[in-house]
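For reference, the structure is listed below as structure tokens.
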Amino acid sequence: MSYLLRKMNPCGLFLLLLLMSRNGLCQQEEVCSKSVINSCNDCIRSGPYCVWCQQLNFTKPGEQEAARCDTKAQLMARGCTDIEIISPRNTQTIITNKPLSSSFTRQEPVQLSPQKISLKLRLGLPTTFSVHFKRVEGYPVDLYYLMDLSYSMKDDLENVKGLGQSLFAALKKITAHAQIGFGAFVDKTVLPYTNTNPEKLRRPCDDNYQQCQAAFGYRHVLSLTSKEEDFKTKVKQQFISGNLDSPEGSLDAIMQAAVCGDKIGWRNSSTRLIVLTTDAGFHMAGDGKLAGILEPNDEQCYMESSIYGRSSEMDYPSVGQLARQLEKNNIQPIFAVTKNMEDVYKKLSKMIPKSEVGVLSTNSDNVVNLIVNAYNRLSSSVTLTHDTLPDNVRVVYTPICSNPGPAGDAKGICNKVHDGDEISFNVTVTAHSCMESQSFTISPLGIKDTLTVSLSTNCECLCEDPNDKKHSHCRMNGRVSCGICSCNEGHVGQFCECAVGEKGGQSLRSTCQRQNGTECEGRGDCVCGRCRCHTTESGKSYHGDFCECDDEHCEKYKNKLCGGNGRCICGKCNCGSGFEGSACQCAVSDVGCRTLNNSVCFGRGTCKCNRCQCKEGYQRPHCQQCLGCPDPCQTKLNCIECLGFESGPFKKNCTVACSQSIYHEMVDHFLLTSKPCQQKDSEGCWVTFKLEQLVGEDNYKAEILKQRVCPEPPSVIAIIGGSIAAVALIGIMLLMLIKLLIYMRDLKEFRKFENEKKKSRWAEADNPLFKNATTTVANPTFTGE
């Protein structure tokens with residue numbers, strides 16, 4: 001410990017002292033903020049420093065039992081003995097604590113201790129425990145090389161094919177237990193990412209480039225292996241492919257490499273690295289819609305014959321999904337990108353914990369040094385964090401090391417940590433709600449080791465109560481529970497002294513409730529149907545039939561009750577002579593309310609605290625104008641008509657209806673400066689007048705022009721004559737129209753007849769049925785003589 005204190009910087013030492021000061025000179029003042037307290041359980045849940053006194057006869061007759069709840073110092077000052085105080089404390093039990101390993105062996109190494117701890121916490125009271133970490137020397141490394149094989153990376157691929165020996169040599173310097181795997185990616189083989197012409201799918205590269213493989217999304221080439229020759233052989237078999245757009249499907253490839261652990265060959269105990277090499281950006285969630293791919297990425301493995309089988313059916317993963325799976329599987333990505341993509345991937349790295357970005361040379365010949373440097377940066381920084389916390393639980397990490405990061409809720413960081421260095425973190429846990437059997441895990445990012453924290457809370461009082469069901473303290477009518485009486489059926493009261501009888505306990509209690517509200521307003525006890533009021537914190541008593549009144553909670557002015565100028569009676573200030581206001585804060589005066597005519601607020605408000613309190617609609621400062629009131633030009637028209645011209649609806653009772661509210665004069669010219677009103681009266685004449693509001697709400701002075709403007713009545717003879725002439729004219733026009741229609745119809749029928757007559761043809765032969773109308777008869781006796 002002394003070594004750690006010597007090595008710590010001043011800021012870290014200050015934070016440590018703050019955490020340790022709870023038991024030192026800087027201990028904060030203990031305060032119990034009580035709310036509604038009816039039992040010991042309510043008390044200990046109301047604050048971390050609230051304790052309960054179970055001592056019999058601690059409260060006085062009529063005093064509320066909530067007085068048993070306070071800080072320990074306050075209760076002891078009032079006579080409660082230490083042995084009678086109930087105050088649950090935090091407890092922590094280390095269940096599993098295997099020692100840290102010094103170096104890697106074939107057995108599972110231990111880099112984090114303890115491994116399991118159980119906490120029993122008081123609400124709001126933090127507890128702190130230490131977590132120790134030591135990175136094992138020679139800890140295995142699994143490196144999966146994930147390469148962009150789009151056409152623009154053809155020069156880089158040639159250098160990577162000769163990379164095996166130097167990459168293995170670099171890893172051997174870090175650990176003797178290194179493995180390397182290889183995978184490749186381009187993009188989804190659908191439009192608009194890849195040309196879907198069958199010939200272009202088979203050969204997406206330029207025609208002049210001979211070695212070209214068919215388009216693909218992601219291909220797993222080589223599982224993690226320690227054999228250098230296998231890596232060289234598999235990588236040499238790879239060829240460039242191609243696609244259409246610039247961004248690549250790199251997130252698809254990383255996701256499959258992370259979730260397909262059995263296919264990739266990740267070991268249980270190893271530092272897992274994915275090295276992504278590319279010269280382009282990346283597609284992410286939502287980009288698949290351009291190709292009609294609507295199914296979101298489900299973060300599952302779909303490796304079929306070493307190919308991502310659902311590349312063309314499932315959308316790209318989001319950055320959040322990728323970060324979650326990398327953290328879940330303890331994988332640390334290294335983005336080896338060209339200079340033009342550095343800013344893009346640095347922004348991506350900020351969203352993915354434990355990731356690094358390095359800049360590739362134009363042909364990737366510096367990739368080995370890039371990987372080594374990135375690994376050193378990742379391994380020298382230890383970040384301790386947690387998974388999902390139970391509700392209302394807070395965790396704060398304080399790093400104890402030579403190069404600590406700031407203390408924080410989300411994580412604790414130690415920088416420049418070398419293999420074999422042991423570092424510590426103080427973990428402070430606080431629970432703010434009751435819970436049972438909850439748990440969460442704490443682990444260093446990128447490391448398999450975890451600490452499981454089991455969590456429960458102390459929300460129940462464990463009082464040592466007498467076994468008597470009929471205790472003398474409770475008048476033999478109940479038992480004692482944490483110092484207060486729990487009455488048997490048929491009895492109520494602080495000491496069970498009241499027999500309920502035939503009415504029933506609920507009936508008696510209802511008489512202590514105002515408007516079916518809280519019993520005695522929560523300020524007293526219902527004793528035999530009447531409220532026995534408690535005393536206030538200052539020693540005074542609540543009062544009233546339902547304990548609804550107290551004389552301590554009136555409005556304050558200058559931090560004085562009722563401004564020091566009155567008495568507080570039942571929550572309201574009763575001001576002394578010469579003072580007024582809700583807090584008696586004002587001297588009685590109307591100087592600020594006086595108007596030019598020496599009235600107070602023009603009679604349209606009251607003067608309080610030397611300011612006008614205007615009636616509804618009237619405006620401060622002196623209630624002169626009423627912006628929201630009806631227009632008096634309209635509301636006073638009937639009175640103006642009857643007063644000035646003895647006509648209108650108020651003609652018969654004008655004196656009663658109008659003389660009290662309007663003082664009027666008949667004038668030839670206006671003397672008042674107010675705006676003129678021009679309204680039409682009941683006789684249709686235009687009346688012009690002016691109104692000026694006097695002191696009061698309905699009090700006006702009116703000036704009325706003597707002459708009304710009345711329109712001339714219409715000529716009856718002209719109206720009748722015009723009407724007759726109009727009717728006659730309309731009748732003649734109708735007759736002419738009817739005659740015209742008949743003529744047009746007859747003309748049409750005649751023309752039709754003429755046309756049919758022209759079309760007829762008469763036969764020239766005699767009709768045998770025709771008989772002439774003339775008959776000639778010969779007289780047989782006629783001789784001609």
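Chain lettering (A, B, ...) mirrors the order of the structure tokens, residue numbering begins at 1 for each chain separately, and ligand numbering begins at 1 in order of display.
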
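Counting only C-alpha atoms, range 639-643 of chain A has the following residues at most 7 Å away, ignoring those fewer than 3 positions along the same chain: Lys636, Glu646, Ser647, Gly648, Phe650, Lys651, Cys654, Cys658 and Asp681 of chain A.
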
Pull C-alpha atoms from the residues just selected and write them as a PDB file, in the first residue's frame.
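So the final result, stored in part-v5.pdb, reads:
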ATOM      1  CA  LYS A 636     -73.750  51.768 -23.149  1.00  0.00           C
ATOM      2  CA  GLU A 646     -85.685  59.500 -24.939  1.00  0.00           C
ATOM      3  CA  SER A 647     -85.998  56.434 -27.130  1.00  0.00           C
ATOM      4  CA  GLY A 648     -84.821  52.859 -27.189  1.00  0.00           C
ATOM      5  CA  PHE A 650     -84.698  51.830 -21.692  1.00  0.00           C
ATOM      6  CA  LYS A 651     -87.128  54.641 -22.634  1.00  0.00           C
ATOM      7  CA  CYS A 654     -84.085  55.350 -18.164  1.00  0.00           C
ATOM      8  CA  CYS A 658     -78.774  54.556 -16.581  1.00  0.00           C
ATOM      9  CA  ASP A 681     -79.881  53.197 -32.455  1.00  0.00           C
TER      10      ASP A 681
END

For range 129-145 of chain A, list every protein, DNA or RNA residue within 6 Å, evaluated using only C-alpha atoms, and leave out those in the same chain fewer than 2 positions away; present the list as a PyMOL selection string.
chain A and resi 102-104+111-113+175+177-182+270-275+419-427

To one decimal place in Å, what is the distance between CA of Val656 in chain A and CA of Asn699 in chain A?
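These atoms are spaced 14.3 Å apart.
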
Those in range 612-690 of chain A with alpha helix (DSSP H) from DSSP, as a ChimeraX atom specification
/A:632-635,637-645,654-658

Can I get the selected residues back with all heavy atoms, as a CSV table (one decimal), in the first residue's frame?
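After the write, again.csv holds the following:
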chain,number,residue,atom,x,y,z
A,632,PRO,N,-67.4,49.7,-24.3
A,632,PRO,CA,-68.5,50.5,-23.8
A,632,PRO,C,-69.3,51.2,-24.8
A,632,PRO,O,-70.4,51.6,-24.6
A,632,PRO,CB,-67.8,51.5,-22.8
A,632,PRO,CG,-66.4,51.5,-23.3
A,632,PRO,CD,-66.1,50.2,-23.9
A,633,CYS,N,-68.7,51.4,-26.0
A,633,CYS,CA,-69.5,52.0,-27.1
A,633,CYS,C,-70.8,51.2,-27.4
A,633,CYS,O,-71.8,51.7,-27.8
A,633,CYS,CB,-68.7,52.2,-28.3
A,633,CYS,SG,-67.4,53.4,-28.2
A,634,GLN,N,-70.6,49.9,-27.3
A,634,GLN,CA,-71.8,49.0,-27.5
A,634,GLN,C,-72.6,48.8,-26.3
A,634,GLN,O,-73.8,48.8,-26.3
A,634,GLN,CB,-71.2,47.7,-28.1
A,634,GLN,CG,-70.5,47.8,-29.4
A,634,GLN,CD,-70.0,46.5,-30.0
A,634,GLN,OE1,-70.4,45.5,-29.5
A,634,GLN,NE2,-69.2,46.6,-31.0
A,635,THR,N,-71.9,48.5,-25.2
A,635,THR,CA,-72.7,48.2,-23.9
A,635,THR,C,-73.5,49.4,-23.4
A,635,THR,O,-74.5,49.2,-22.7
A,635,THR,CB,-71.7,47.6,-22.9
A,635,THR,OG1,-70.7,48.7,-22.6
A,635,THR,CG2,-71.0,46.4,-23.3
A,637,LEU,N,-74.8,51.9,-25.4
A,637,LEU,CA,-75.6,52.5,-26.4
A,637,LEU,C,-77.1,52.7,-26.0
A,637,LEU,O,-77.7,53.8,-26.2
A,637,LEU,CB,-75.6,51.6,-27.7
A,637,LEU,CG,-76.5,52.1,-28.8
A,637,LEU,CD1,-76.1,53.5,-29.3
A,637,LEU,CD2,-76.4,51.1,-30.0
A,638,ASN,N,-77.7,51.7,-25.4
A,638,ASN,CA,-79.1,51.8,-25.0
A,638,ASN,C,-79.3,53.0,-24.0
A,638,ASN,O,-80.3,53.7,-24.0
A,638,ASN,CB,-79.6,50.5,-24.4
A,638,ASN,CG,-79.7,49.4,-25.4
A,638,ASN,OD1,-79.9,49.7,-26.6
A,638,ASN,ND2,-79.6,48.2,-25.0
A,639,CYS,N,-78.3,53.1,-23.1
A,639,CYS,CA,-78.4,54.2,-22.1
A,639,CYS,C,-78.2,55.6,-22.8
A,639,CYS,O,-78.9,56.6,-22.5
A,639,CYS,CB,-77.4,54.1,-21.0
A,639,CYS,SG,-77.9,52.8,-19.8
A,640,ILE,N,-77.3,55.7,-23.7
A,640,ILE,CA,-77.1,56.9,-24.5
A,640,ILE,C,-78.3,57.3,-25.2
A,640,ILE,O,-78.7,58.5,-25.3
A,640,ILE,CB,-75.9,56.7,-25.4
A,640,ILE,CG1,-74.6,56.5,-24.6
A,640,ILE,CG2,-75.8,57.9,-26.4
A,640,ILE,CD1,-74.2,57.7,-23.8
A,641,GLU,N,-79.0,56.3,-25.8
A,641,GLU,CA,-80.2,56.6,-26.6
A,641,GLU,C,-81.3,57.1,-25.8
A,641,GLU,O,-82.0,58.1,-26.1
A,641,GLU,CB,-80.6,55.4,-27.4
A,641,GLU,CG,-81.8,55.6,-28.3
A,641,GLU,CD,-82.2,54.3,-29.1
A,641,GLU,OE1,-81.6,53.3,-28.9
A,641,GLU,OE2,-83.2,54.4,-29.8
A,642,CYS,N,-81.5,56.5,-24.6
A,642,CYS,CA,-82.6,56.9,-23.8
A,642,CYS,C,-82.3,58.2,-23.0
A,642,CYS,O,-83.2,59.1,-22.9
A,642,CYS,CB,-83.0,55.8,-22.8
A,642,CYS,SG,-81.9,55.7,-21.3
A,643,LEU,N,-81.1,58.5,-22.7
A,643,LEU,CA,-80.7,59.7,-22.0
A,643,LEU,C,-80.7,60.9,-22.9
A,643,LEU,O,-81.1,62.0,-22.6
A,643,LEU,CB,-79.3,59.6,-21.3
A,643,LEU,CG,-79.2,58.6,-20.1
A,643,LEU,CD1,-77.8,58.4,-19.7
A,643,LEU,CD2,-80.0,59.2,-18.9
A,644,GLY,N,-80.2,60.7,-24.2
A,644,GLY,CA,-80.1,61.8,-25.1
A,644,GLY,C,-81.3,62.1,-25.9
A,644,GLY,O,-81.6,63.2,-26.3
A,645,PHE,N,-82.0,61.0,-26.3
A,645,PHE,CA,-83.1,61.2,-27.2
A,645,PHE,C,-84.4,60.5,-26.8
A,645,PHE,O,-85.4,60.5,-27.6
A,645,PHE,CB,-82.7,60.6,-28.6
A,645,PHE,CG,-81.4,61.1,-29.1
A,645,PHE,CD1,-80.2,60.4,-29.0
A,645,PHE,CD2,-81.3,62.3,-29.7
A,645,PHE,CE1,-79.0,60.8,-29.4
A,645,PHE,CE2,-80.1,62.8,-30.1
A,645,PHE,CZ,-79.0,62.1,-30.0
A,654,CYS,N,-85.4,54.8,-17.9
A,654,CYS,CA,-84.1,55.4,-18.2
A,654,CYS,C,-83.4,55.8,-16.9
A,654,CYS,O,-82.2,55.6,-16.7
A,654,CYS,CB,-84.2,56.5,-19.2
A,654,CYS,SG,-82.6,57.0,-19.8
A,655,THR,N,-84.1,56.5,-16.0
A,655,THR,CA,-83.5,57.0,-14.8
A,655,THR,C,-83.0,55.9,-13.9
A,655,THR,O,-81.8,56.0,-13.4
A,655,THR,CB,-84.5,57.9,-14.0
A,655,THR,OG1,-85.0,58.9,-14.9
A,655,THR,CG2,-83.9,58.5,-12.8
A,656,VAL,N,-83.7,54.9,-13.8
A,656,VAL,CA,-83.3,53.8,-12.9
A,656,VAL,C,-82.2,53.0,-13.5
A,656,VAL,O,-81.2,52.6,-12.9
A,656,VAL,CB,-84.5,52.8,-12.7
A,656,VAL,CG1,-84.1,51.6,-11.8
A,656,VAL,CG2,-85.6,53.6,-12.0
A,657,ALA,N,-82.2,52.8,-14.9
A,657,ALA,CA,-81.3,51.9,-15.5
A,657,ALA,C,-79.9,52.6,-15.8
A,657,ALA,O,-78.9,52.0,-15.8
A,657,ALA,CB,-81.8,51.3,-16.8
A,658,CYS,N,-80.0,53.9,-16.0
A,658,CYS,CA,-78.8,54.6,-16.6
A,658,CYS,C,-78.2,55.8,-15.8
A,658,CYS,O,-77.0,56.1,-15.9
A,658,CYS,CB,-79.0,55.0,-18.0
A,658,CYS,SG,-79.6,53.7,-19.1

Can you tell me which residues surround Cys533 in chain A at a distance of at most 7 Å, considering only C-alpha atoms, apart from same-chain residues fewer than 2 positions away, and format the answer as a PyMOL selection string?
chain A and resi 62+523-525+531+535+541-543+547

Considering only C-alpha atoms, give me a table of residues in range 217-256 of chain A that are at most 6 Å from range 278-293 of chain A, with the closest atom pair and distance in Å for each, as a tab-separated table.
residue	atom	partner	partner_atom	distance
A:Pro247	CA	A:Gly281	CA	4.5
A:Glu248	CA	A:Phe282	CA	4.8
A:Gly249	CA	A:His283	CA	5.8
A:Ser250	CA	A:Phe282	CA	5.9

Include all heavy atoms and write out the residues we just selected as a PDB file, in the first residue's frame.
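New file result15.pdb:
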ATOM      1  N   PRO A 247     -17.348   2.259 -50.578  1.00  0.00           N
ATOM      2  CA  PRO A 247     -17.409   1.602 -49.261  1.00  0.00           C
ATOM      3  C   PRO A 247     -17.478   0.085 -49.412  1.00  0.00           C
ATOM      4  O   PRO A 247     -18.042  -0.436 -50.378  1.00  0.00           O
ATOM      5  CB  PRO A 247     -18.704   2.159 -48.641  1.00  0.00           C
ATOM      6  CG  PRO A 247     -18.995   3.400 -49.385  1.00  0.00           C
ATOM      7  CD  PRO A 247     -18.488   3.176 -50.771  1.00  0.00           C
ATOM      8  N   GLU A 248     -16.912  -0.618 -48.429  1.00  0.00           N
ATOM      9  CA  GLU A 248     -16.863  -2.083 -48.480  1.00  0.00           C
ATOM     10  C   GLU A 248     -17.735  -2.694 -47.374  1.00  0.00           C
ATOM     11  O   GLU A 248     -18.226  -2.000 -46.488  1.00  0.00           O
ATOM     12  CB  GLU A 248     -15.413  -2.578 -48.332  1.00  0.00           C
ATOM     13  CG  GLU A 248     -14.386  -1.815 -49.141  1.00  0.00           C
ATOM     14  CD  GLU A 248     -14.537  -1.999 -50.650  1.00  0.00           C
ATOM     15  OE1 GLU A 248     -15.507  -2.640 -51.078  1.00  0.00           O
ATOM     16  OE2 GLU A 248     -13.700  -1.461 -51.404  1.00  0.00           O
ATOM     17  N   GLY A 249     -17.876  -4.002 -47.423  1.00  0.00           N
ATOM     18  CA  GLY A 249     -18.674  -4.719 -46.417  1.00  0.00           C
ATOM     19  C   GLY A 249     -17.841  -5.161 -45.235  1.00  0.00           C
ATOM     20  O   GLY A 249     -17.986  -6.291 -44.755  1.00  0.00           O
ATOM     21  N   SER A 250     -16.977  -4.287 -44.721  1.00  0.00           N
ATOM     22  CA  SER A 250     -16.054  -4.670 -43.644  1.00  0.00           C
ATOM     23  C   SER A 250     -16.790  -4.981 -42.341  1.00  0.00           C
ATOM     24  O   SER A 250     -16.377  -5.866 -41.591  1.00  0.00           O
ATOM     25  CB  SER A 250     -15.021  -3.558 -43.423  1.00  0.00           C
ATOM     26  OG  SER A 250     -15.643  -2.293 -43.317  1.00  0.00           O
TER      27      SER A 250
END

Can you list, as a ChimeraX atom specification, every residue of range 128-216 of chain A that DSSP puts in strand (DSSP E or B)?
/A:128-134,137,141-148,178-185,212

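The neighbours of Cys53 in chain A here are the residues that come within 7 Å of it, using only C-alpha atoms and leaving out any residue fewer than 4 positions away in the same chain; they are Arg68, Cys69, Cys80, Glu84, Ile85 and Ile86 of chain A.
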
I'd like the interatomic distance between CA of His669 in chain A and CA of Asp698 in chain A, to a tenth of an Å.
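Calculated distance between CA of His669 in chain A and CA of Asp698 in chain A is 24.8 Å.
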
Using only C-alpha atoms for the distances, tell me which of A:Ala778, A:Leu294, A:Val492, A:Ala431 is nearest to Pro126 in chain A.
A:Ala431

Neighbouring residues of range 373-383 of chain A were defined as those with any atom within 7 Å, considering only C-alpha atoms; residues of the same chain fewer than 3 positions away were excluded. Please report them as a list of chain:residue names.
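Neighbouring residues, sequence-local ones excluded: A:Ile334, A:Lys354, A:Glu356, A:Asn369, A:Leu370, A:Lys411, A:Gly412, A:Ile413, A:Cys414, A:Asn415, A:Lys416, A:Val417, A:His418, A:Pro444, A:Leu445.
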
Could you write out the selected residues, including all heavy atoms, as a CSV table (one decimal), in the first residue's frame?
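The result, written out as out-v6.csv:
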chain,number,residue,atom,x,y,z
A,334,ILE,N,-8.0,-3.9,-34.5
A,334,ILE,CA,-7.0,-3.0,-35.0
A,334,ILE,C,-7.3,-2.6,-36.4
A,334,ILE,O,-7.3,-3.5,-37.3
A,334,ILE,CB,-5.6,-3.6,-34.9
A,334,ILE,CG1,-5.3,-4.0,-33.4
A,334,ILE,CG2,-4.5,-2.7,-35.4
A,334,ILE,CD1,-4.0,-4.8,-33.2
A,354,LYS,N,-11.7,-0.5,-26.6
A,354,LYS,CA,-10.4,-1.3,-26.8
A,354,LYS,C,-10.2,-1.5,-28.3
A,354,LYS,O,-10.1,-2.7,-28.8
A,354,LYS,CB,-10.5,-2.6,-26.1
A,354,LYS,CG,-10.6,-2.5,-24.6
A,354,LYS,CD,-9.3,-1.9,-24.0
A,354,LYS,CE,-8.2,-3.0,-24.0
A,354,LYS,NZ,-7.0,-2.5,-23.3
A,356,GLU,N,-7.9,0.2,-31.8
A,356,GLU,CA,-6.8,1.0,-32.2
A,356,GLU,C,-6.8,1.3,-33.7
A,356,GLU,O,-7.4,0.4,-34.5
A,356,GLU,CB,-5.4,0.5,-31.8
A,356,GLU,CG,-5.1,0.6,-30.4
A,356,GLU,CD,-4.8,2.0,-29.9
A,356,GLU,OE1,-4.4,2.8,-30.8
A,356,GLU,OE2,-5.0,2.3,-28.8
A,369,ASN,N,4.9,-3.7,-38.2
A,369,ASN,CA,5.1,-2.8,-37.2
A,369,ASN,C,3.8,-2.1,-36.7
A,369,ASN,O,3.7,-1.8,-35.5
A,369,ASN,CB,6.1,-1.7,-37.7
A,369,ASN,CG,7.5,-2.2,-37.9
A,369,ASN,OD1,7.9,-3.2,-37.2
A,369,ASN,ND2,8.2,-1.6,-38.9
A,370,LEU,N,2.9,-1.9,-37.6
A,370,LEU,CA,1.6,-1.3,-37.2
A,370,LEU,C,0.9,-2.2,-36.2
A,370,LEU,O,0.4,-1.7,-35.2
A,370,LEU,CB,0.8,-1.1,-38.5
A,370,LEU,CG,-0.5,-0.3,-38.3
A,370,LEU,CD1,-0.9,0.4,-39.7
A,370,LEU,CD2,-1.7,-1.3,-37.9
A,411,LYS,N,-16.5,3.3,-16.1
A,411,LYS,CA,-15.3,2.4,-16.2
A,411,LYS,C,-14.1,3.1,-15.4
A,411,LYS,O,-14.1,4.2,-15.0
A,411,LYS,CB,-14.8,2.3,-17.6
A,411,LYS,CG,-14.6,3.6,-18.3
A,411,LYS,CD,-14.4,3.4,-19.8
A,411,LYS,CE,-14.2,4.8,-20.5
A,411,LYS,NZ,-14.0,4.6,-22.0
A,412,GLY,N,-13.1,2.2,-15.1
A,412,GLY,CA,-11.9,2.7,-14.6
A,412,GLY,C,-10.7,2.3,-15.5
A,412,GLY,O,-10.7,1.2,-16.0
A,413,ILE,N,-9.7,3.2,-15.6
A,413,ILE,CA,-8.6,3.0,-16.6
A,413,ILE,C,-7.3,3.2,-15.9
A,413,ILE,O,-7.1,4.1,-15.2
A,413,ILE,CB,-8.8,4.0,-17.8
A,413,ILE,CG1,-10.1,3.8,-18.5
A,413,ILE,CG2,-7.6,3.7,-18.8
A,413,ILE,CD1,-10.4,4.8,-19.6
A,414,CYS,N,-6.4,2.2,-16.2
A,414,CYS,CA,-5.0,2.4,-15.8
A,414,CYS,C,-4.1,2.3,-17.1
A,414,CYS,O,-4.3,1.4,-17.9
A,414,CYS,CB,-4.5,1.2,-14.9
A,414,CYS,SG,-4.9,1.6,-13.1
A,415,ASN,N,-3.3,3.2,-17.3
A,415,ASN,CA,-2.4,3.3,-18.5
A,415,ASN,C,-1.0,2.9,-18.2
A,415,ASN,O,-0.6,2.9,-17.1
A,415,ASN,CB,-2.5,4.7,-19.1
A,415,ASN,CG,-3.9,5.2,-19.5
A,415,ASN,OD1,-4.5,4.4,-20.2
A,415,ASN,ND2,-4.3,6.3,-19.0
A,416,LYS,N,-0.3,2.5,-19.3
A,416,LYS,CA,1.1,2.2,-19.2
A,416,LYS,C,1.4,1.0,-18.2
A,416,LYS,O,2.2,1.1,-17.4
A,416,LYS,CB,2.0,3.4,-18.8
A,416,LYS,CG,1.9,4.5,-19.9
A,416,LYS,CD,2.8,5.7,-19.5
A,416,LYS,CE,2.7,6.8,-20.5
A,416,LYS,NZ,3.5,8.0,-20.1
A,417,VAL,N,0.6,0.0,-18.4
A,417,VAL,CA,0.7,-1.2,-17.5
A,417,VAL,C,1.5,-2.3,-18.3
A,417,VAL,O,1.1,-2.6,-19.4
A,417,VAL,CB,-0.7,-1.7,-17.2
A,417,VAL,CG1,-0.6,-3.0,-16.3
A,417,VAL,CG2,-1.6,-0.7,-16.5
A,418,HIS,N,2.5,-2.8,-17.7
A,418,HIS,CA,3.4,-3.8,-18.3
A,418,HIS,C,3.0,-5.2,-17.8
A,418,HIS,O,2.4,-5.3,-16.8
A,418,HIS,CB,4.8,-3.5,-18.0
A,418,HIS,CG,5.3,-2.1,-18.5
A,418,HIS,ND1,5.4,-1.1,-17.6
A,418,HIS,CD2,5.7,-1.7,-19.7
A,418,HIS,CE1,5.8,0.0,-18.3
A,418,HIS,NE2,6.0,-0.4,-19.5
A,444,PRO,N,-12.2,-6.8,-17.1
A,444,PRO,CA,-11.4,-5.9,-17.9
A,444,PRO,C,-11.8,-6.1,-19.4
A,444,PRO,O,-12.0,-7.2,-19.8
A,444,PRO,CB,-9.9,-6.4,-17.7
A,444,PRO,CG,-10.0,-7.3,-16.5
A,444,PRO,CD,-11.4,-7.9,-16.5
A,445,LEU,N,-11.8,-5.0,-20.2
A,445,LEU,CA,-12.2,-5.1,-21.6
A,445,LEU,C,-11.1,-5.9,-22.3
A,445,LEU,O,-9.9,-5.7,-22.1
A,445,LEU,CB,-12.3,-3.7,-22.2
A,445,LEU,CG,-13.5,-2.9,-21.8
A,445,LEU,CD1,-13.5,-1.6,-22.5
A,445,LEU,CD2,-14.8,-3.6,-22.1

By how many Å are CA of Cys601 in chain A and CA of Gly576 in chain A apart?
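Value for the CA of Cys601 in chain A-CA of Gly576 in chain A distance: 24.5 Å.
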
With only C-alpha atoms as the counted atoms, please give the residues lying no more than 9 Å from Thr96 in chain A, apart from itself and same-chain residues fewer than 3 positions off, as a VMD selection string.
chain A and resid 113 to 117

Could you write those residues out with all heavy atoms, as a CSV table (one decimal), in the first residue's frame?
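Output saved as part-v9.csv:
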chain,number,residue,atom,x,y,z
A,113,SER,N,-8.7,-10.8,-9.6
A,113,SER,CA,-9.2,-11.4,-8.3
A,113,SER,C,-9.8,-10.2,-7.5
A,113,SER,O,-9.4,-9.1,-7.6
A,113,SER,CB,-8.0,-12.0,-7.5
A,113,SER,OG,-7.1,-10.9,-7.0
A,114,PRO,N,-10.8,-10.5,-6.7
A,114,PRO,CA,-11.4,-11.9,-6.5
A,114,PRO,C,-12.3,-12.2,-7.7
A,114,PRO,O,-12.5,-11.4,-8.6
A,114,PRO,CB,-12.3,-11.7,-5.2
A,114,PRO,CG,-12.6,-10.2,-5.2
A,114,PRO,CD,-11.4,-9.5,-5.8
A,115,GLN,N,-12.9,-13.4,-7.7
A,115,GLN,CA,-13.7,-13.9,-8.8
A,115,GLN,C,-15.2,-13.8,-8.5
A,115,GLN,O,-16.0,-13.8,-9.4
A,115,GLN,CB,-13.3,-15.3,-9.2
A,115,GLN,CG,-11.9,-15.5,-9.8
A,115,GLN,CD,-10.8,-15.4,-8.8
A,115,GLN,OE1,-11.0,-16.1,-7.7
A,115,GLN,NE2,-9.7,-14.7,-9.0
A,116,LYS,N,-15.5,-13.8,-7.2
A,116,LYS,CA,-16.9,-13.8,-6.8
A,116,LYS,C,-17.0,-13.1,-5.4
A,116,LYS,O,-16.3,-13.5,-4.5
A,116,LYS,CB,-17.6,-15.2,-6.8
A,116,LYS,CG,-19.1,-15.2,-6.6
A,116,LYS,CD,-19.7,-16.6,-6.9
A,116,LYS,CE,-21.2,-16.5,-6.9
A,116,LYS,NZ,-21.8,-17.9,-7.1
A,117,ILE,N,-18.0,-12.2,-5.3
A,117,ILE,CA,-18.2,-11.5,-4.0
A,117,ILE,C,-19.6,-11.2,-3.8
A,117,ILE,O,-20.4,-11.1,-4.8
A,117,ILE,CB,-17.4,-10.1,-4.1
A,117,ILE,CG1,-17.4,-9.5,-2.7
A,117,ILE,CG2,-18.0,-9.2,-5.1
A,117,ILE,CD1,-16.5,-8.3,-2.6

Would you mind listing what lies within 12 Å of Leu671 in chain A as a list of chain:residue names, with only C-alpha atoms counted and same-chain residues fewer than 2 positions away left out?
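Counting only the stated atoms, we get A:Glu665, A:Met666, A:Val667, A:Asp668, A:His669, A:Thr673, A:Ser674, A:Lys675, A:Pro676, A:Phe689, A:Lys690, A:Leu691, A:Glu692, A:Lys701, A:Ala702, A:Glu703, A:Ile704, A:Leu705.
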
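If you measure from each of A:Gly605, A:Phe495, A:Leu735, A:Gln585 to Gln619 in chain A using only C-alpha atoms, the closest one turns out to be A:Gly605.
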
Which one of A:Glu697, A:Trp686, A:Glu63, A:Asp449 sits closest to Cys614 in chain A if you count only C-alpha atoms?
A:Glu697

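Minimum atom-to-atom distance to Thr428 in chain A, evaluated using only C-alpha atoms, belongs to A:Leu121 out of A:Cys401, A:Met303, A:Cys586, A:Leu121.
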